[in-house]
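S.K.: Below you will find the structure I want to go over with you.
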Amino acid sequence: MNASLQPLAGQAETLKLLIGGQWVQSQTQQWQDVVNPATQQILGRVPFATAGEIDAAVNAAQRAFASWRNTPVGARMRIMLKLQALIREHSPRIAKVLSAEQGKTLADAEGDIFRGLEVVEHACSIGSLQMGEHLENVAGGVDTYTLRQPIGVCVGITPFNFPAMIPLWMFPMAIVCGNTFVLKPSEQDPMSTALLVELALQAGIPAGVLNMVHGGKEVVDALCTHPQVKAVSFVGSTAVGTHVYDLAGQHGKRVQAMMGAKNHAVVLPDANREQTVNALVGAAFGAAGQRCMATSVAVLVGAAGEWVADLKALAQKLKVSAGHEPGTDVGPVVSKQAKARVLSLIDSGVAEGAVLELDGRGVQVPGYEEGNFIGPTLFSGVRTDMRIYKEEIFGPVLLVLCVDTFDEAIALVNANPFGNGTGLFTQSGAAARKFQNEIDVGQVGINIPIPVPVPFFSFTGSRGSKLGDLGPYGKQVVQFYTQTKTVTSRWFDDDSVNTGVNTTIHLR
Ligand code: NAD
C-alpha cells in the first residue's frame, strides 16, 4: 500500500498531501497537531497546504478529468465495488484511528464508517442513477433525450465530527459520476479520512481523480475561488457554511452547504415513556453530543413534563471515559477549545436562570485526567431567549422546555433558526401525520431520535441548517454532480426530400 501514514505506530505521523496520485510532503511552514482528546497524546502533524500545493492539486484533478469523464460507467462502478469491499475489510483498523483522533467510542466509530460505506454501496448503482430520460417522437421524426454529464473538478470540505461518513458522502458519488475531486478534511482529525483515501487508491481510482489537501480557512478559500473548480460540497457550522456558500457562489461554483443544528424532540404524553427516555438520552449524549443530528432540546408536552426526573436518572448512569475503554457511553469532546466553549455555555445557562438538573462540568475520569471530558448535563426551565437555546452547543447538554399543547411545540420548533432534524414521540398516527405535515425541518423522525436517511434518499435541511437546493447522496447528489444536457434530434426518413425553409418556431 502506498501509505501516507502508519497510524498509531507510537510516534506522531506527518500527514501528506495527495496530488496527482502521489503522496507528497508539504513545503508549508504551518503545521497543526492532531491530538487524542482523551489523553492529549499527539498522534500526527497536519500541514496547512501552500497556495502552490492547492493549485497543483486542482490542476491534477483538471488533467485527470479529460480521461476519467470518458471512462465507461461499468469501470467506474467496479472501482466502487472494490472500495466497498476494502472499507468493510479495514473498518476495525480505521475505527481505532478514528476513535483515537476524534474521541468517539469504538462502536460509534465503526458506525461512522458504516454509514459512509452505505453511500459507497449506493454509488455501485450509478448505472441506473445517472441514466437520462428519453422521449421519442416529440415532433415528426424528432426525439428528445437528456444526458447527465459530469461537471469537472469538485471540492469537498468536511467537519471533524464524522471524519469517515461525511467524506464518504462526497467523493465516491462525485467520482462515480465521472468527476474528479479535491478533498479537504477537518484539520482536527484527518487521519482516518486519509486511510479511506488510501483505500480508494487501492480500489483503482486513477492518479489525479482523487486528491487530498489539508488546512483551514486559507485553503478552503483558495479552493472556493479557484477558476478550475466547478462545485463545492461543504458540511460544517452555519457560520463557515454561509461564508463558503457566498464565496464559492460569487465565483460561479455550484454549492451545497449542510450546516449547524438545534434538534428538537417533541414528546407527547401518550408516548411510550421508557422507550422515549432511552431514545432521548442516547441521542442527546451519544458521541458527546457532537452529532449534527443529536437531540439537543426536548420539548415535553403537557403531562410529559413530569419525565425530567427519568431523563436525569438515566443520563447520570452513562459511563464517561475514553472511546476505546469498554463500556464507554460518552467520550471526550474534540478539543480543549471545544470543551471551554461548552463549559462557558453551561455557565451562561446557570447565569440566565435555567435549572441545572445534572451538572457534567466537574466530571473526573480516572486514568484520563487530561481528557476533554464533560459529563451528561441536563437543564430544565429553559427559555427561548437564553444563549443555551439560541446557540448550537455541540456537547453533551440536553435542554428541556415544557409546553401545554402540541401546537405550541410545533410553533416552537418552527421558530428556531435551525431546521436540521427533529423527532416526535407519540402513539398517535394522527399526531404523527400532523407533525410531518406542519413541521419545517429537513429530517423528521417519528419515534426515531436521529432520523438520518439511508443513501437511497437524500440528506436535507431547512433554514439555517442548509444552503443550496440539492443535498448529499440519494438522487439529489447525482443532479448536483452532473450537468443535464438536453438533446433534440431529427433523423429524416429520406435525406433527399427537400422540406423547405421553416421560419416558425414549430418543429412539425
Ligand atoms: P467548522 O465549520 O468549524 O469546520 C468545517 C470545515 O470548514 C473544516 O474543514 C474547517 O477546516 C473549515 N473551516 C473552519 N473555519 C473556516 C473558515 N473561517 N473559513 C473557511 N473554512 C473554515 O465545523 P466543525 O466544527 O468541524 O463541525 C461541527 C459543525 O458541523 C456543527 O455545526 C455541526 O452541526 C455541523 N455539521 C452539520 C452536518 C449536516 O449535515 N448538516 C453534519 C455534520 C456536522
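By convention in this document, the chains of the C-alpha cells carry letters A, B, ... by their order, each chain's residues are numbered from 1, and ligands are numbered from 1 in the order they are shown.
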Looking only at the backbone, which of the residues in segment 97-312 of chain A does DSSP tag as strand (DSSP E), as a PyMOL selection string?

M.R.: chain A and resi 134-139+142-150+153-157+180-184+210-212+229-235+254-258+263-267+295-301

S.K.: Distance limit 9 Å, reference ligand 1, atoms considered: only C-alpha atoms and all ligand atoms. Which residues make the cut? Give them as a count of residues only.

M.R.: 55

S.K.: For a quick check of understanding, using only C-alpha atoms, which of A:Ile113, A:Met386, A:Leu280, A:Val213 has the smallest distance to Ala95 of chain A?

M.R.: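 Checking each candidate against Ala95 of chain A, we get A:Ile113 as the closest.
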
S.K.: DSSP on the backbone, alpha helix (DSSP H) only: what residues of segment 257-384 of chain A does that give? Format it as an MDAnalysis selection string.

M.R.: chainID A and resid 273:285 308:315 336:351

S.K.: Identify, on the basis of only C-alpha atoms, every residue whose closest approach to segment 224-227 of chain A does not exceed 12 Å; exclude the query and any residue fewer than 3 positions from it along the same chain; express the result as a PyMOL selection string.

M.R.: chain A and resi 51-52+54-59+62+152-157+182+184+217-221+230-234+241+243-255

S.K.: Using only C-alpha atoms, which protein or nucleic acid residues come within 10 Å of Ala431 of chain A? Drop anything in the same chain fewer than 6 positions from it, and give the result as a PyMOL selection string.

M.R.: chain A and resi 268+406+424-425+437+446

S.K.: Please provide the set of residues having any atom within 12 Å of Ile374 of chain A, restricted to only C-alpha atoms, with same-chain residues fewer than 3 positions apart removed, written as an NGL selection string.

M.R.: :A and (37-38 or 285 or 287-290 or 318-322 or 330-336 or 338-344 or 346 or 358-365 or 369-371 or 377-378 or 394-397)

S.K.: Excluding Glu89 of chain A and any residue of its chain fewer than 5 positions from it, enumerate the residues within 12 Å of it, using only C-alpha atoms, and give them as a PDB file with all heavy atoms, in the first residue's frame.

M.R.:
```pdb
ATOM      1  N   LYS A  82     -15.095  -2.456  -5.471  1.00  0.00           N
ATOM      2  CA  LYS A  82     -13.843  -2.831  -4.792  1.00  0.00           C
ATOM      3  C   LYS A  82     -13.670  -1.983  -3.522  1.00  0.00           C
ATOM      4  O   LYS A  82     -13.269  -2.502  -2.474  1.00  0.00           O
ATOM      5  CB  LYS A  82     -12.691  -2.565  -5.786  1.00  0.00           C
ATOM      6  CG  LYS A  82     -11.316  -2.940  -5.323  1.00  0.00           C
ATOM      7  CD  LYS A  82     -10.957  -4.359  -5.719  1.00  0.00           C
ATOM      8  CE  LYS A  82      -9.678  -4.848  -5.078  1.00  0.00           C
ATOM      9  NZ  LYS A  82      -8.478  -4.270  -5.657  1.00  0.00           N
ATOM     10  N   LEU A  83     -13.985  -0.693  -3.635  1.00  0.00           N
ATOM     11  CA  LEU A  83     -13.802   0.199  -2.484  1.00  0.00           C
ATOM     12  C   LEU A  83     -14.690  -0.237  -1.318  1.00  0.00           C
ATOM     13  O   LEU A  83     -14.244  -0.256  -0.168  1.00  0.00           O
ATOM     14  CB  LEU A  83     -14.108   1.650  -2.887  1.00  0.00           C
ATOM     15  CG  LEU A  83     -14.003   2.694  -1.763  1.00  0.00           C
ATOM     16  CD1 LEU A  83     -12.614   2.705  -1.133  1.00  0.00           C
ATOM     17  CD2 LEU A  83     -14.353   4.093  -2.288  1.00  0.00           C
ATOM     18  N   GLN A  84     -15.938  -0.606  -1.616  1.00  0.00           N
ATOM     19  CA  GLN A  84     -16.812  -1.001  -0.500  1.00  0.00           C
ATOM     20  C   GLN A  84     -16.265  -2.252   0.178  1.00  0.00           C
ATOM     21  O   GLN A  84     -16.299  -2.379   1.392  1.00  0.00           O
ATOM     22  CB  GLN A  84     -18.279  -1.097  -0.911  1.00  0.00           C
ATOM     23  CG  GLN A  84     -18.689  -2.227  -1.833  1.00  0.00           C
ATOM     24  CD  GLN A  84     -18.828  -3.549  -1.124  1.00  0.00           C
ATOM     25  OE1 GLN A  84     -19.141  -3.593   0.057  1.00  0.00           O
ATOM     26  NE2 GLN A  84     -18.567  -4.640  -1.835  1.00  0.00           N
ATOM     27  N   ILE A  94      -9.519   1.222  10.843  1.00  0.00           N
ATOM     28  CA  ILE A  94      -9.801   2.657  10.674  1.00  0.00           C
ATOM     29  C   ILE A  94     -10.555   3.178  11.895  1.00  0.00           C
ATOM     30  O   ILE A  94     -10.321   4.301  12.359  1.00  0.00           O
ATOM     31  CB  ILE A  94     -10.590   2.911   9.367  1.00  0.00           C
ATOM     32  CG1 ILE A  94      -9.755   2.453   8.175  1.00  0.00           C
ATOM     33  CG2 ILE A  94     -10.954   4.382   9.220  1.00  0.00           C
ATOM     34  CD1 ILE A  94     -10.502   2.476   6.854  1.00  0.00           C
ATOM     35  N   ALA A  95     -11.447   2.341  12.443  1.00  0.00           N
ATOM     36  CA  ALA A  95     -12.224   2.772  13.616  1.00  0.00           C
ATOM     37  C   ALA A  95     -11.312   3.087  14.798  1.00  0.00           C
ATOM     38  O   ALA A  95     -11.570   4.026  15.559  1.00  0.00           O
ATOM     39  CB  ALA A  95     -13.245   1.698  13.998  1.00  0.00           C
ATOM     40  N   GLU A 110     -17.122   2.710  14.353  1.00  0.00           N
ATOM     41  CA  GLU A 110     -17.484   1.736  13.311  1.00  0.00           C
ATOM     42  C   GLU A 110     -18.788   2.149  12.641  1.00  0.00           C
ATOM     43  O   GLU A 110     -18.977   1.974  11.439  1.00  0.00           O
ATOM     44  CB  GLU A 110     -17.593   0.330  13.905  1.00  0.00           C
ATOM     45  CG  GLU A 110     -16.223  -0.190  14.337  1.00  0.00           C
ATOM     46  CD  GLU A 110     -16.020  -1.677  14.067  1.00  0.00           C
ATOM     47  OE1 GLU A 110     -16.583  -2.192  13.086  1.00  0.00           O
ATOM     48  OE2 GLU A 110     -15.286  -2.306  14.853  1.00  0.00           O
ATOM     49  N   ILE A 113     -18.093   4.844  10.083  1.00  0.00           N
ATOM     50  CA  ILE A 113     -17.582   4.260   8.831  1.00  0.00           C
ATOM     51  C   ILE A 113     -18.713   3.556   8.079  1.00  0.00           C
ATOM     52  O   ILE A 113     -18.854   3.695   6.858  1.00  0.00           O
ATOM     53  CB  ILE A 113     -16.433   3.274   9.140  1.00  0.00           C
ATOM     54  CG1 ILE A 113     -15.266   4.017   9.793  1.00  0.00           C
ATOM     55  CG2 ILE A 113     -15.978   2.556   7.874  1.00  0.00           C
ATOM     56  CD1 ILE A 113     -14.266   3.113  10.486  1.00  0.00           C
ATOM     57  N   PHE A 114     -19.553   2.832   8.819  1.00  0.00           N
ATOM     58  CA  PHE A 114     -20.612   2.061   8.167  1.00  0.00           C
ATOM     59  C   PHE A 114     -21.599   2.962   7.432  1.00  0.00           C
ATOM     60  O   PHE A 114     -22.018   2.658   6.307  1.00  0.00           O
ATOM     61  CB  PHE A 114     -21.356   1.191   9.185  1.00  0.00           C
ATOM     62  CG  PHE A 114     -22.427   0.370   8.545  1.00  0.00           C
ATOM     63  CD1 PHE A 114     -22.108  -0.731   7.754  1.00  0.00           C
ATOM     64  CD2 PHE A 114     -23.765   0.731   8.673  1.00  0.00           C
ATOM     65  CE1 PHE A 114     -23.101  -1.464   7.112  1.00  0.00           C
ATOM     66  CE2 PHE A 114     -24.765   0.003   8.037  1.00  0.00           C
ATOM     67  CZ  PHE A 114     -24.429  -1.098   7.265  1.00  0.00           C
ATOM     68  N   LEU A 117     -19.976   3.830   4.344  1.00  0.00           N
ATOM     69  CA  LEU A 117     -19.896   2.654   3.479  1.00  0.00           C
ATOM     70  C   LEU A 117     -21.209   2.459   2.710  1.00  0.00           C
ATOM     71  O   LEU A 117     -21.205   2.090   1.528  1.00  0.00           O
ATOM     72  CB  LEU A 117     -19.594   1.427   4.348  1.00  0.00           C
ATOM     73  CG  LEU A 117     -19.628   0.064   3.680  1.00  0.00           C
ATOM     74  CD1 LEU A 117     -18.549  -0.049   2.624  1.00  0.00           C
ATOM     75  CD2 LEU A 117     -19.450  -1.036   4.721  1.00  0.00           C
ATOM     76  N   LEU A 196      -9.057   6.209   4.437  1.00  0.00           N
ATOM     77  CA  LEU A 196     -10.100   5.913   3.452  1.00  0.00           C
ATOM     78  C   LEU A 196      -9.642   6.299   2.041  1.00  0.00           C
ATOM     79  O   LEU A 196      -9.924   5.596   1.067  1.00  0.00           O
ATOM     80  CB  LEU A 196     -11.389   6.660   3.805  1.00  0.00           C
ATOM     81  CG  LEU A 196     -12.104   6.143   5.045  1.00  0.00           C
ATOM     82  CD1 LEU A 196     -13.154   7.137   5.527  1.00  0.00           C
ATOM     83  CD2 LEU A 196     -12.750   4.780   4.764  1.00  0.00           C
ATOM     84  N   LEU A 199      -7.448   3.678   0.690  1.00  0.00           N
ATOM     85  CA  LEU A 199      -8.215   2.531   0.193  1.00  0.00           C
ATOM     86  C   LEU A 199      -8.804   2.837  -1.184  1.00  0.00           C
ATOM     87  O   LEU A 199      -8.899   1.952  -2.040  1.00  0.00           O
ATOM     88  CB  LEU A 199      -9.337   2.173   1.173  1.00  0.00           C
ATOM     89  CG  LEU A 199      -8.902   1.657   2.545  1.00  0.00           C
ATOM     90  CD1 LEU A 199     -10.138   1.264   3.368  1.00  0.00           C
ATOM     91  CD2 LEU A 199      -7.959   0.461   2.440  1.00  0.00           C
TER      92      LEU A 199
END
```

S.K.: Go through A:Leu311, A:Ile448, A:Ala194, A:Met165 one by one, measure the shortest atom-to-atom distance of each to Val97 of chain A using only C-alpha atoms, and give the residue with the smallest value.

M.R.: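 Looking only at the distances to Val97 of chain A, the closest residue turns out to be A:Ala194.
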
S.K.: Between atom CA of Ala164 of chain A and atom CA of Ala200 of chain A, what distance in Å does the model show, to one decimal?

M.R.: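 Computing it gives 12.7 Å between the two atoms.
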
S.K.: Go through A:Val299, A:Leu15, A:Val229, A:Ala265 and flag the residue nearest Ser192 of chain A, using only C-alpha atoms for the distances.

M.R.: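 Looking only at the distances to Ser192 of chain A, the closest residue turns out to be A:Leu15.
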
S.K.: Rounded to one decimal in Å, what is the spacing between atom CA of Thr50 of chain A and atom CA of Ile175 of chain A?

M.R.: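 For atom CA of Thr50 of chain A relative to atom CA of Ile175 of chain A, the distance reads 24.8 Å.
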
S.K.: Quick one: distance from atom CA of Leu201 of chain A to atom CA of Val120 of chain A in Å, one decimal?

M.R.: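 About the pair atom CA of Leu201 of chain A and atom CA of Val120 of chain A: they are 14.2 Å apart.
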
S.K.: Give me the residues near Thr422 of chain A as number ranges by chain, where near means some atom within 8 Å (using only C-alpha atoms) and where sequence neighbours in that chain fewer than 6 positions away do not count.

M.R.: A: 263-266, 295, 441, 443-445, 449-451
